[in-house]
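Text of the file my_file25.cif, holding mmCIF, C-alpha atoms and all ligand atoms:
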data_model
loop_
_atom_site.label_atom_id
_atom_site.label_comp_id
_atom_site.auth_asym_id
_atom_site.auth_seq_id
_atom_site.Cartn_x
_atom_site.Cartn_y
_atom_site.Cartn_z
CA ILE A 5 27.49 -12.44 -40.98
CA LYS A 6 24.68 -9.95 -40.53
CA ASN A 7 25.46 -8.35 -43.87
CA SER A 8 25.63 -11.57 -45.81
CA LEU A 9 22.45 -12.82 -44.19
CA TYR A 10 20.81 -9.60 -45.25
CA CYS A 11 22.12 -9.86 -48.80
CA VAL A 12 20.78 -13.36 -49.30
CA ASP A 13 17.48 -12.40 -47.78
CA ALA A 14 17.13 -9.18 -49.73
CA ALA A 15 18.01 -10.84 -52.99
CA ASN A 16 15.54 -13.64 -52.49
CA GLN A 17 12.59 -11.91 -50.91
CA GLY A 18 13.30 -8.20 -50.71
CA ASN A 19 11.34 -7.93 -47.50
CA PRO A 20 12.28 -10.04 -44.46
CA PRO A 21 9.38 -10.89 -42.18
CA TYR A 22 10.03 -8.88 -39.03
CA ILE A 23 8.42 -9.33 -35.67
CA ASP A 24 8.77 -6.29 -33.42
CA GLY A 25 11.71 -6.62 -31.04
CA MET A 26 12.68 -10.04 -32.35
CA SER A 27 14.66 -9.16 -35.45
CA ASP A 28 18.12 -9.09 -33.84
CA ILE A 29 19.85 -11.03 -36.59
CA LEU A 30 18.62 -8.80 -39.39
CA PRO A 31 19.49 -5.14 -39.97
CA PRO A 32 16.71 -2.62 -39.28
CA PHE A 33 16.48 -1.49 -42.89
CA PRO A 34 16.24 -4.25 -45.53
CA PHE A 35 17.97 -2.10 -48.15
CA ASP A 36 18.11 -2.64 -51.89
CA ASN A 37 19.64 0.38 -53.56
CA SER A 38 18.74 0.58 -57.23
CA TYR A 39 19.48 4.31 -57.63
CA ALA A 40 23.05 3.86 -56.40
CA ARG A 41 23.53 1.28 -59.16
CA LEU A 42 22.63 3.82 -61.86
CA PRO A 43 25.46 5.65 -63.69
CA GLY A 44 27.84 7.65 -61.47
CA THR A 45 26.85 10.86 -63.29
CA MET A 46 23.54 10.71 -61.43
CA HIS A 47 24.72 10.80 -57.81
CA ALA A 48 27.68 11.28 -55.53
CA GLY A 49 28.63 9.02 -52.63
CA VAL A 50 28.69 10.92 -49.36
CA LEU A 51 28.54 10.01 -45.68
CA PRO A 52 26.29 11.79 -43.18
CA THR A 53 28.33 14.04 -40.87
CA PRO A 54 27.99 12.85 -37.26
CA VAL A 55 26.44 15.27 -34.79
CA GLU A 56 27.22 15.97 -31.18
CA ALA A 57 24.23 14.65 -29.25
CA PRO A 58 21.56 12.79 -31.24
CA ARG A 59 18.20 12.56 -29.52
CA LEU A 60 15.06 11.03 -30.98
CA ILE A 61 12.06 13.31 -31.06
CA THR A 62 9.73 10.70 -32.45
CA VAL A 63 9.50 7.50 -34.49
CA ASN A 64 6.55 6.85 -36.77
CA ALA A 65 6.02 3.25 -35.67
CA ALA A 66 3.09 2.57 -38.01
CA LEU A 67 5.11 3.70 -41.02
CA ALA A 68 8.13 1.68 -39.86
CA ARG A 69 6.02 -1.49 -39.73
CA GLU A 70 4.57 -0.71 -43.16
CA LEU A 71 8.17 -0.60 -44.41
CA GLY A 72 8.99 -3.94 -42.80
CA ILE A 73 11.18 -2.20 -40.21
CA ASP A 74 11.06 -3.02 -36.52
CA PRO A 75 10.51 0.42 -34.89
CA ALA A 76 12.20 -0.78 -31.69
CA ARG A 77 15.46 -1.04 -33.62
CA LEU A 78 15.51 2.56 -34.83
CA THR A 79 18.07 4.47 -32.79
CA PRO A 80 18.83 8.17 -32.23
CA GLY A 81 22.14 7.56 -34.02
CA MET A 82 20.37 6.27 -37.12
CA ALA A 83 17.93 9.18 -37.08
CA ALA A 84 20.74 11.75 -36.84
CA GLY A 85 23.16 10.12 -39.30
CA ASN A 86 25.74 9.08 -36.67
CA GLU A 87 25.09 5.41 -37.21
CA LEU A 88 24.84 4.00 -40.72
CA PRO A 89 22.42 1.08 -40.90
CA PRO A 90 23.96 -1.99 -42.60
CA GLY A 91 23.22 -2.16 -46.30
CA ALA A 92 22.96 1.63 -46.73
CA THR A 93 24.64 3.16 -49.80
CA PRO A 94 24.55 6.83 -48.87
CA ILE A 95 24.40 9.13 -51.90
CA ALA A 96 23.37 12.65 -52.80
CA GLN A 97 21.26 12.84 -55.95
CA ALA A 98 22.02 15.26 -58.77
CA TYR A 99 19.26 17.53 -60.02
CA ALA A 100 18.72 20.93 -61.58
CA GLY A 101 15.61 23.07 -61.55
CA HIS A 102 13.70 26.21 -62.35
CA GLN A 103 13.39 28.26 -59.16
CA PHE A 104 10.71 30.95 -59.51
CA GLY A 105 11.12 30.61 -63.27
CA GLN A 106 14.93 30.96 -63.29
CA PHE A 107 16.88 27.92 -64.43
CA VAL A 108 19.66 26.69 -62.12
CA PRO A 109 21.66 23.97 -63.90
CA GLN A 110 22.96 22.44 -60.68
CA LEU A 111 21.03 22.11 -57.44
CA GLY A 112 21.07 18.53 -56.14
CA ASP A 113 20.77 17.15 -52.63
CA GLY A 114 22.58 19.88 -50.72
CA ARG A 115 21.35 18.75 -47.34
CA ALA A 116 19.73 15.40 -48.02
CA ILE A 117 21.40 12.01 -48.14
CA LEU A 118 19.66 8.99 -49.62
CA LEU A 119 20.54 5.99 -47.47
CA GLY A 120 18.88 3.53 -49.81
CA GLU A 121 15.60 1.95 -50.72
CA VAL A 122 13.48 -0.65 -49.02
CA VAL A 123 10.71 -2.70 -50.56
CA ASP A 124 7.72 -2.31 -48.26
CA ARG A 125 5.20 -4.95 -47.20
CA GLN A 126 3.09 -4.24 -50.27
CA GLY A 127 6.06 -4.65 -52.60
CA ARG A 128 6.47 -0.91 -53.19
CA ARG A 129 10.01 0.46 -53.37
CA ARG A 130 10.51 3.40 -50.97
CA ASP A 131 13.46 5.77 -50.51
CA ILE A 132 14.87 6.32 -47.02
CA GLN A 133 16.51 9.74 -46.89
CA LEU A 134 18.07 11.83 -44.14
CA LYS A 135 17.32 15.54 -44.51
CA GLY A 136 19.74 17.81 -42.67
CA ALA A 137 22.51 15.22 -42.23
CA GLY A 138 25.41 17.42 -43.28
CA PRO A 139 27.08 18.83 -46.39
CA THR A 140 27.27 17.03 -49.71
CA PRO A 141 29.03 17.80 -53.00
CA PHE A 142 25.83 19.71 -53.92
CA SER A 143 25.75 21.96 -50.86
CA ARG A 144 27.18 25.03 -52.61
CA ARG A 145 27.38 27.60 -49.79
CA GLY A 146 24.83 25.81 -47.59
CA ASP A 147 25.65 24.05 -44.32
CA GLY A 148 23.78 20.85 -45.19
CA ARG A 149 21.75 21.21 -42.03
CA ALA A 150 18.11 21.72 -41.06
CA ALA A 151 16.58 23.59 -38.14
CA LEU A 152 14.16 21.98 -35.72
CA GLY A 153 11.14 24.13 -36.66
CA PRO A 154 11.11 23.24 -40.38
CA VAL A 155 11.81 19.57 -39.56
CA LEU A 156 8.78 19.40 -37.26
CA ARG A 157 6.75 21.32 -39.81
CA GLU A 158 7.60 18.86 -42.59
CA TYR A 159 6.95 15.92 -40.27
CA LEU A 160 3.51 17.19 -39.25
CA VAL A 161 2.30 18.53 -42.57
CA SER A 162 3.43 15.53 -44.62
CA GLU A 163 1.78 13.12 -42.18
CA ALA A 164 -1.36 15.26 -42.16
CA MET A 165 -1.45 15.20 -45.97
CA HIS A 166 -1.09 11.43 -45.87
CA ALA A 167 -3.91 11.15 -43.36
CA LEU A 168 -6.05 13.27 -45.71
CA GLY A 169 -5.42 10.70 -48.44
CA ILE A 170 -3.14 12.92 -50.53
CA PRO A 171 -0.02 11.38 -52.12
CA THR A 172 3.02 12.65 -50.25
CA THR A 173 6.46 11.86 -48.95
CA ARG A 174 6.27 10.55 -45.37
CA ALA A 175 8.16 11.12 -42.15
CA LEU A 176 9.72 8.13 -40.39
CA MET A 177 11.77 9.80 -37.65
CA ALA A 178 12.94 13.14 -36.38
CA ALA A 179 15.96 13.74 -34.17
CA THR A 180 17.65 16.73 -32.66
CA THR A 181 21.40 17.03 -33.14
CA GLY A 182 22.52 18.88 -30.02
CA GLU A 183 24.11 21.40 -32.40
CA LYS A 184 23.06 24.87 -33.50
CA VAL A 185 22.33 25.89 -37.07
CA TYR A 186 22.78 29.49 -38.00
CA ARG A 187 20.06 31.18 -40.06
CA ASP A 188 19.01 34.71 -39.13
CA THR A 189 19.61 33.56 -35.57
CA ALA A 190 21.03 30.42 -33.95
CA LEU A 191 18.46 27.62 -33.99
CA PRO A 192 18.45 24.04 -32.69
CA GLY A 193 19.48 21.58 -35.39
CA ALA A 194 17.45 18.54 -36.39
CA VAL A 195 17.35 15.74 -38.96
CA LEU A 196 14.26 14.33 -40.64
CA THR A 197 14.10 10.79 -42.01
CA ARG A 198 11.98 11.14 -45.12
CA VAL A 199 10.34 8.27 -46.96
CA ALA A 200 9.31 8.66 -50.61
CA ALA A 201 8.22 6.54 -53.57
CA SER A 202 11.36 8.17 -54.95
CA HIS A 203 13.01 11.57 -54.81
CA ILE A 204 13.18 11.86 -58.59
CA ARG A 205 12.04 15.29 -59.70
CA VAL A 206 11.34 17.13 -62.95
CA GLY A 207 14.66 18.79 -62.14
CA THR A 208 16.42 15.41 -62.16
CA PHE A 209 15.59 15.09 -65.86
CA GLN A 210 16.60 18.72 -66.43
CA PHE A 211 20.05 18.10 -64.92
CA PHE A 212 20.98 15.67 -67.71
CA ALA A 213 19.02 17.35 -70.51
CA VAL A 214 20.88 20.65 -70.06
CA ARG A 215 24.18 18.75 -70.20
CA ARG A 216 23.08 16.89 -73.35
CA ASP A 217 23.91 13.69 -71.43
CA LEU A 218 21.56 11.38 -73.31
CA ASP A 219 23.05 8.23 -71.77
CA SER A 220 22.20 9.30 -68.23
CA LEU A 221 18.84 10.63 -69.38
CA LYS A 222 18.07 7.29 -70.96
CA ALA A 223 19.09 5.43 -67.79
CA LEU A 224 16.89 7.76 -65.72
CA LEU A 225 13.96 7.31 -68.08
CA GLY A 226 14.26 3.53 -67.88
CA HIS A 227 14.58 3.65 -64.09
CA VAL A 228 11.54 5.90 -63.65
CA ILE A 229 9.35 3.78 -65.92
CA ALA A 230 10.41 0.53 -64.23
CA ARG A 231 9.95 2.01 -60.78
CA HIS A 232 6.85 4.18 -61.05
CA TYR A 233 5.05 3.27 -64.26
CA PRO A 234 6.01 -0.35 -65.10
CA GLN A 235 2.85 -0.71 -67.21
CA LEU A 236 4.45 1.70 -69.73
CA ALA A 237 7.51 -0.43 -70.42
CA ASP A 238 5.94 -1.85 -73.57
CA ALA A 239 4.37 1.39 -74.77
CA ALA A 240 5.00 2.29 -78.43
CA ASN A 241 6.64 5.53 -77.24
CA PRO A 242 7.67 5.12 -73.57
CA ALA A 243 8.89 8.73 -73.15
CA LEU A 244 5.60 10.13 -74.38
CA ALA A 245 3.68 7.62 -72.30
CA LEU A 246 5.71 8.74 -69.27
CA LEU A 247 4.89 12.39 -69.96
CA ASP A 248 1.19 11.50 -70.11
CA ALA A 249 1.43 9.49 -66.89
CA VAL A 250 3.23 12.25 -64.96
CA MET A 251 0.72 14.81 -66.27
CA GLU A 252 -2.13 12.65 -65.01
CA ALA A 253 -0.48 12.13 -61.60
CA GLN A 254 0.31 15.82 -61.16
CA ALA A 255 -3.14 16.92 -62.33
CA ALA A 256 -4.67 14.59 -59.76
CA LEU A 257 -2.28 15.82 -57.06
CA VAL A 258 -2.81 19.54 -57.61
CA ALA A 259 -6.58 18.99 -57.68
CA ARG A 260 -6.36 17.15 -54.35
CA TRP A 261 -4.36 20.05 -52.92
CA ALA A 262 -7.10 22.44 -54.02
CA GLY A 263 -9.65 20.30 -52.22
CA VAL A 264 -7.98 20.83 -48.83
CA GLY A 265 -6.95 24.44 -49.45
CA PHE A 266 -3.28 23.46 -49.59
CA ILE A 267 -0.77 25.90 -50.99
CA HIS A 268 2.63 24.32 -51.64
CA GLY A 269 4.45 27.62 -51.74
CA VAL A 270 7.53 26.61 -53.76
CA MET A 271 6.43 24.70 -56.85
CA ASN A 272 9.84 24.91 -58.46
CA THR A 273 10.64 22.11 -60.94
CA ASP A 274 13.08 20.65 -58.39
CA ASN A 275 10.19 20.36 -55.94
CA MET A 276 7.91 18.41 -58.28
CA THR A 277 8.22 14.63 -58.25
CA VAL A 278 7.63 12.38 -61.23
CA SER A 279 5.88 9.89 -58.92
CA GLY A 280 3.07 12.35 -58.19
CA GLU A 281 3.83 12.66 -54.47
CA THR A 282 3.86 16.04 -52.73
CA ILE A 283 7.45 16.87 -51.77
CA ASP A 284 9.40 19.58 -49.92
CA TYR A 285 7.23 21.23 -47.32
CA GLY A 286 8.69 24.70 -47.02
CA PRO A 287 6.51 27.80 -46.76
CA CYS A 288 3.34 25.76 -47.34
CA ALA A 289 0.03 26.12 -45.53
CA PHE A 290 -3.66 25.38 -45.56
CA MET A 291 -5.71 28.41 -46.49
CA ASP A 292 -8.10 29.89 -43.93
CA ALA A 293 -10.38 32.53 -45.55
CA TYR A 294 -11.05 31.47 -49.14
CA ASP A 295 -9.16 33.68 -51.55
CA PRO A 296 -7.71 32.17 -54.71
CA ALA A 297 -4.85 34.72 -54.63
CA THR A 298 -3.56 33.45 -51.27
CA VAL A 299 0.23 33.11 -51.07
CA PHE A 300 2.22 31.94 -48.05
CA SER A 301 5.83 32.20 -49.17
CA SER A 302 7.33 35.52 -48.14
CA ILE A 303 9.66 35.44 -51.14
CA ASP A 304 6.82 34.83 -53.63
CA GLU A 305 6.32 38.54 -54.36
CA TYR A 306 4.29 38.15 -57.55
CA GLY A 307 2.02 35.32 -56.45
CA ARG A 308 3.57 32.86 -58.87
CA TYR A 309 2.69 30.02 -56.51
CA ALA A 310 -0.67 31.35 -55.28
CA TYR A 311 -3.50 28.88 -54.61
CA ALA A 312 -5.29 29.46 -57.92
CA ASN A 313 -2.05 29.44 -59.90
CA GLN A 314 -1.02 25.93 -58.91
CA PRO A 315 -2.58 24.14 -61.93
CA ALA A 316 -0.97 26.60 -64.37
CA ILE A 317 2.40 26.20 -62.64
CA ALA A 318 2.07 22.42 -62.74
CA GLN A 319 1.48 22.71 -66.48
CA TRP A 320 4.49 25.00 -66.85
CA ASN A 321 6.67 22.55 -64.91
CA LEU A 322 5.40 19.65 -67.01
CA ALA A 323 6.36 21.57 -70.16
CA ARG A 324 9.90 21.69 -68.73
CA LEU A 325 9.75 17.91 -68.24
CA ALA A 326 8.51 17.49 -71.82
CA GLU A 327 11.51 19.49 -73.08
CA THR A 328 13.89 17.02 -71.48
CA LEU A 329 12.18 14.10 -73.23
CA LEU A 330 12.10 15.51 -76.78
CA ALA A 331 14.96 13.36 -78.08
CA PHE A 332 13.08 10.25 -77.00
CA ILE A 333 9.68 11.39 -78.24
CA HIS A 334 10.63 11.77 -81.92
CA PRO A 335 13.96 11.84 -83.82
CA ASP A 336 12.91 15.01 -85.63
CA ARG A 337 13.03 17.81 -83.08
CA GLU A 338 10.29 19.93 -84.63
CA GLU A 339 7.98 16.96 -84.78
CA ALA A 340 8.85 16.09 -81.17
CA VAL A 341 8.01 19.65 -80.09
CA ARG A 342 4.72 19.50 -81.98
CA ILE A 343 3.74 16.20 -80.33
CA ALA A 344 4.79 17.29 -76.83
CA THR A 345 3.09 20.68 -77.12
CA ALA A 346 -0.21 19.04 -78.01
CA ARG A 347 0.09 16.87 -74.91
CA ILE A 348 0.93 19.77 -72.60
CA GLU A 349 -1.96 21.81 -73.99
CA ALA A 350 -4.31 19.06 -72.83
CA PHE A 351 -3.31 19.60 -69.19
CA PRO A 352 -6.05 22.09 -68.24
CA ASP A 353 -8.73 19.60 -69.33
CA ILE A 354 -7.06 16.75 -67.46
CA HIS A 355 -6.80 18.91 -64.36
CA SER A 356 -10.42 20.09 -64.65
CA ARG A 357 -11.59 16.48 -64.71
CA HIS A 358 -9.77 15.79 -61.41
CA TRP A 359 -10.76 19.13 -59.90
CA LEU A 360 -14.43 18.54 -60.63
CA ALA A 361 -14.26 15.06 -59.12
CA VAL A 362 -12.68 16.47 -55.93
CA PHE A 363 -15.17 19.33 -55.52
CA ARG A 364 -18.21 17.24 -56.45
CA ARG A 365 -17.26 15.01 -53.52
CA LYS A 366 -16.80 18.03 -51.28
CA ILE A 367 -20.40 19.16 -51.82
CA GLY A 368 -21.84 15.68 -51.70
CA LEU A 369 -22.62 15.10 -55.38
CA ALA A 370 -22.54 11.42 -56.19
CA SER A 371 -23.09 11.83 -59.92
CA ALA A 372 -21.84 14.12 -62.67
CA GLU A 373 -24.17 16.65 -64.27
CA GLU A 374 -23.77 19.43 -66.79
CA GLY A 375 -23.93 22.49 -64.50
CA ASP A 376 -21.73 21.13 -61.69
CA ALA A 377 -18.65 23.20 -62.48
CA ARG A 378 -20.74 26.38 -62.50
CA LEU A 379 -22.43 25.41 -59.21
CA ILE A 380 -19.05 24.88 -57.55
CA GLU A 381 -17.61 28.10 -59.00
CA GLU A 382 -20.60 30.01 -57.64
CA LEU A 383 -20.06 28.51 -54.20
CA LEU A 384 -16.40 29.53 -54.27
CA GLY A 385 -17.35 33.00 -55.52
CA ALA A 386 -19.74 33.45 -52.58
CA MET A 387 -17.13 32.13 -50.15
CA GLN A 388 -14.56 34.58 -51.48
CA LEU A 389 -16.94 37.55 -51.16
CA ALA A 390 -17.75 36.56 -47.57
CA ARG A 391 -14.12 35.69 -46.78
CA ALA A 392 -15.55 32.40 -45.52
CA ASP A 393 -13.14 29.90 -43.99
CA PHE A 394 -12.38 27.25 -46.61
CA THR A 395 -12.36 24.16 -44.41
CA ILE A 396 -15.08 25.21 -41.97
CA THR A 397 -17.51 26.14 -44.76
CA PHE A 398 -17.33 22.67 -46.30
CA ARG A 399 -17.60 21.08 -42.86
CA GLU A 400 -20.74 23.14 -42.19
CA LEU A 401 -22.28 22.02 -45.47
CA SER A 402 -21.48 18.41 -44.61
CA ASN A 403 -23.04 18.76 -41.19
CA GLY A 404 -26.28 20.19 -42.59
CA GLY A 405 -25.44 23.73 -41.50
CA GLU A 406 -26.63 26.73 -43.52
CA PRO A 407 -23.86 29.34 -43.62
CA ALA A 408 -25.55 32.75 -43.92
CA ALA A 409 -23.03 33.89 -46.51
CA LEU A 410 -24.28 31.14 -48.84
CA ALA A 411 -28.00 31.92 -48.52
CA GLY A 412 -28.24 32.74 -52.24
CA TRP A 413 -26.47 29.57 -53.27
CA LEU A 414 -28.05 26.97 -51.00
CA PRO A 415 -31.42 26.52 -52.79
CA GLU A 416 -29.86 25.48 -56.09
CA TRP A 417 -27.47 23.16 -54.28
CA ARG A 418 -30.33 21.53 -52.37
CA GLN A 419 -32.20 21.11 -55.64
CA ARG A 420 -29.14 19.49 -57.21
CA LEU A 421 -28.62 17.15 -54.24
P1 LIG A 501 14.65 23.92 -51.46
O1 LIG A 501 14.35 25.35 -51.71
O2 LIG A 501 14.59 23.50 -50.03
O3 LIG A 501 13.84 23.02 -52.35
O4 LIG A 501 16.17 23.70 -51.86
C1 LIG A 501 16.72 24.18 -53.05
C2 LIG A 501 18.16 23.76 -53.14
O5 LIG A 501 18.94 24.32 -52.09
C3 LIG A 501 18.40 22.26 -53.08
O6 LIG A 501 19.46 21.95 -53.94
C4 LIG A 501 18.79 22.05 -51.63
O7 LIG A 501 19.54 20.88 -51.44
C5 LIG A 501 19.61 23.29 -51.35
N1 LIG A 501 19.65 23.63 -49.93
C6 LIG A 501 18.64 24.14 -49.18
N2 LIG A 501 19.03 24.33 -47.90
C7 LIG A 501 20.32 23.93 -47.83
C8 LIG A 501 21.30 23.88 -46.77
N3 LIG A 501 21.04 24.28 -45.52
N4 LIG A 501 22.53 23.41 -47.09
C9 LIG A 501 22.83 23.02 -48.33
N5 LIG A 501 21.96 23.04 -49.35
C10 LIG A 501 20.73 23.49 -49.12
MG MG A 502 13.63 21.18 -52.75
#
Let me see the file written as C-alpha cells.
Amino acid sequence: IKNSLYCVDAANQGNPPYIDGMSDILPPFPFDNSYARLPGTMHAGVLPTPVEAPRLITVNAALARELGIDPARLTPGMAAGNELPPGATPIAQAYAGHQFGQFVPQLGDGRAILLGEVVDRQGRRRDIQLKGAGPTPFSRRGDGRAALGPVLREYLVSEAMHALGIPTTRALMAATTGEKVYRDTALPGAVLTRVAASHIRVGTFQFFAVRRDLDSLKALLGHVIARHYPQLADAANPALALLDAVMEAQAALVARWAGVGFIHGVMNTDNMTVSGETIDYGPCAFMDAYDPATVFSSIDEYGRYAYANQPAIAQWNLARLAETLLAFIHPDREEAVRIATARIEAFPDIHSRHWLAVFRRKIGLASAEEGDARLIEELLGAMQLARADFTITFRELSNGGEPAALAGWLPEWRQRL
C-alpha cells in the first residue's frame, strides 16, 4: 500500500507535502528514478552491502527539508545502506575518465550506489547516492568502502562550499558502519549520503564515446539536456549548445573556486560534472599563504592540479568532453573538430570574464573599468611576495585594514574605489 500510494503521488506531483514527524504513510524519499530508466549499458543494478552496526553521525535536517524529506524518518540503516528506502532503484553508474592525463576506459561507481532521484521543493531533480556502501560491478580491486576521515571531510567541505555560495554536491547524512576498512592501516568505516544535481561527469560521456556506442551517447545527451539545460532542447545544434553551456558553468565554477582559494586536487575528467557542481572532495583544501603554485594532493608530483592551473585543466577536460560530442556536432568529422576547437579556444576569455567578476567583488569594485585586471594581478603579486594569507588579506581589506605588505598597492586601490 505504501508503495502504490507513493507511486500515485510521485507520478502526479513528484513532491509530496511532508510535515516533520507526520509523514508515516509516505516513504521518506519520494523517489523518481530517471537514470535507472536509461539504457542498461549506462548502469548496473546493485544492492548496498549491509554493515555490522550502523550508527548515525549526523543528519543535515535543513537539506532534508529542502528535498521534501522528513529528517525524523531518516534512520541509521538508511544512512549505512542496510535499509533500502521504498522506491529506490539502486544502481552503479558507468563512467570512464582521464586520471592525471591518462585515459582509463572503465572507472564507474566503484564505491557509490545511486539510490534514486527526488524532485526537491523547488522542482529541481536531485540524486541521492550512498558513498562507501559496498562493492559494485565497477569496484575493480577496491573494497567499495570509505573511511570515516574522508567521509567527514567531504561532508564538511561540501557543506562549507555550499555556504560560501559555490555550486557543489551536498551531504545529507553520515553514518559509521561498525566495521574496519583497510588502507595503510585499519580505519573506522563510514558511509556518506551525497546529494547532487546529478552525478553525470565528463567521464560519463567518455565511457560511451570510447566504445563508439552512439545510441547510449545519444540517450545520455538527451538526458543531460532535459535535466540540466532544458532551454537547449530546441537549439539548432543541441550538442554544441551543451558544450557551450558546460563551458560556461565550469568557467564560472573554477573562477568561484579561485575566489575562496580552493584547490580541488584531483580535477580528473571523472571528477568534473556536466551540471557545474563541485564533486569528489579528495585531497582538496583552501590555500593559506597565497602562492599560485600551491598543490595539496601528495600524488600530484608535477603540479598538474595546482591552484593557478585549474582554469587550464578545466579547458583540457572540456576538450575531452567536446571530443565525445563530435558525431553530434557535425556529420563531417573534420568540420566537427574545427567547430569544437574554436569553441574550446574561447574558454580562457569566458573564464577571465567570471574571474574578473569574482575578484572585482572581492576588492569591493561595483563597476567594471579598463585597468581592473591589472590592479587585481598586482594585488596578488604583492600577496605572493609577502606570502600573505589569502583569506585573511581579503578580510582585512574588507574591514578597512591596511596590510603592511600591500603598502605600495593600497593608494591606487583607494583611488579606484
Ligand atoms: P576517485 O579518485 O575517488 O575519484 O575514484 C576514482 C575511481 O576509483 C572511481 O571509479 C571510484 O569509484 C574508484 N574507487 C575509489 N575508491 C574505491 C574503493 N574503495 N572501492 C572501489 N572503488 C573505488
Ligand atoms: Mg571520483
Please identify the residues whose atoms come within 6 Å of ligand MG 502 (chain A), using all atoms listed in the file, and report them as a compact mmCIF listing (two decimals) with C-alpha atoms, in the frame of the given file.
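Generated file (pocket_29.txt):
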# COMPACT_ATOMS: atom_id res chain seq x y z
CA ASP A 274 13.08 20.65 -58.39
CA ASN A 275 10.19 20.36 -55.94
CA ASP A 284 9.40 19.58 -49.92
(message) Which residues are close to Thr197 in chain A, i.e. within 8 Å by all atoms listed in the file, leaving aside same-chain residues fewer than 4 positions away? Reply as number ranges by chain.
(response) A: 83, 132-135, 175-178
(request) Select all residues near (6.6, 17.6, -77.3) (cut-off 10 Å, inclusive, file coordinates), counting all atoms listed in the file, and output them as JSON, numbers by chain. (result) {"A": [244, 247, 323, 325, 326, 327, 328, 329, 330, 331, 332, 333, 334, 337, 338, 339, 340, 341, 342, 343, 344, 345, 346, 347, 348]}
(request) Write as a PyMOL selection string the residues around ligand LIG 501 (chain A), taking 6 Å as the cut-off and counting only C-alpha atoms and all ligand atoms. (result) chain A and resi 111-115+143+146-150+275
Export C-alpha atoms of the chosen residues as a PDB file, in the frame of the given file?
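This went into out.pdb:
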ATOM      1  CA  LEU A 111      21.030  22.110 -57.440  1.00  0.00           C
ATOM      2  CA  GLY A 112      21.070  18.530 -56.140  1.00  0.00           C
ATOM      3  CA  ASP A 113      20.770  17.150 -52.630  1.00  0.00           C
ATOM      4  CA  GLY A 114      22.580  19.880 -50.720  1.00  0.00           C
ATOM      5  CA  ARG A 115      21.350  18.750 -47.340  1.00  0.00           C
ATOM      6  CA  SER A 143      25.750  21.960 -50.860  1.00  0.00           C
ATOM      7  CA  GLY A 146      24.830  25.810 -47.590  1.00  0.00           C
ATOM      8  CA  ASP A 147      25.650  24.050 -44.320  1.00  0.00           C
ATOM      9  CA  GLY A 148      23.780  20.850 -45.190  1.00  0.00           C
ATOM     10  CA  ARG A 149      21.750  21.210 -42.030  1.00  0.00           C
ATOM     11  CA  ALA A 150      18.110  21.720 -41.060  1.00  0.00           C
ATOM     12  CA  ASN A 275      10.190  20.360 -55.940  1.00  0.00           C
TER      13      ASN A 275
END
(request) Please check which residues have atoms at most 10 Å from (0.3, 23.3, -61.6) in the file's coordinates, counting all atoms listed in the file, and write them as JSON, numbers by chain. (result) {"A": [251, 254, 255, 257, 258, 259, 271, 276, 309, 311, 312, 313, 314, 315, 316, 317, 318, 319, 320, 321, 322, 351, 352, 355]}
Pick out the residues sitting within 12 Å of Ile170 in chain A, and hand them over as an mmCIF file with C-alpha atoms, in the coordinates of the input; count only C-alpha atoms, and ignore anything fewer than 5 positions along from it in its own chain.
data_model
loop_
_atom_site.group_PDB
_atom_site.id
_atom_site.type_symbol
_atom_site.label_atom_id
_atom_site.label_comp_id
_atom_site.auth_asym_id
_atom_site.auth_seq_id
_atom_site.Cartn_x
_atom_site.Cartn_y
_atom_site.Cartn_z
ATOM 1 C CA VAL A 161 2.300 18.530 -42.570
ATOM 2 C CA SER A 162 3.430 15.530 -44.620
ATOM 3 C CA GLU A 163 1.780 13.120 -42.180
ATOM 4 C CA ALA A 164 -1.360 15.260 -42.160
ATOM 5 C CA MET A 165 -1.450 15.200 -45.970
ATOM 6 C CA ALA A 253 -0.480 12.130 -61.600
ATOM 7 C CA GLN A 254 0.310 15.820 -61.160
ATOM 8 C CA ALA A 256 -4.670 14.590 -59.760
ATOM 9 C CA LEU A 257 -2.280 15.820 -57.060
ATOM 10 C CA VAL A 258 -2.810 19.540 -57.610
ATOM 11 C CA ALA A 259 -6.580 18.990 -57.680
ATOM 12 C CA ARG A 260 -6.360 17.150 -54.350
ATOM 13 C CA TRP A 261 -4.360 20.050 -52.920
ATOM 14 C CA ALA A 262 -7.100 22.440 -54.020
ATOM 15 C CA GLY A 263 -9.650 20.300 -52.220
ATOM 16 C CA VAL A 264 -7.980 20.830 -48.830
ATOM 17 C CA PHE A 266 -3.280 23.460 -49.590
ATOM 18 C CA GLY A 280 3.070 12.350 -58.190
ATOM 19 C CA GLU A 281 3.830 12.660 -54.470
ATOM 20 C CA THR A 282 3.860 16.040 -52.730
ATOM 21 C CA ILE A 283 7.450 16.870 -51.770
ATOM 22 C CA VAL A 362 -12.680 16.470 -55.930
#
(request) For CA of Ala98 in chain A and CA of Arg174 in chain A, quote the distance in Å rounded to one decimal. (result) 21.2 Å
(request) Tell me which of A:Ala243, A:Leu160, A:Met46, A:Leu421 sits closest to Leu369 in chain A, counting only C-alpha atoms. (result) A:Leu421
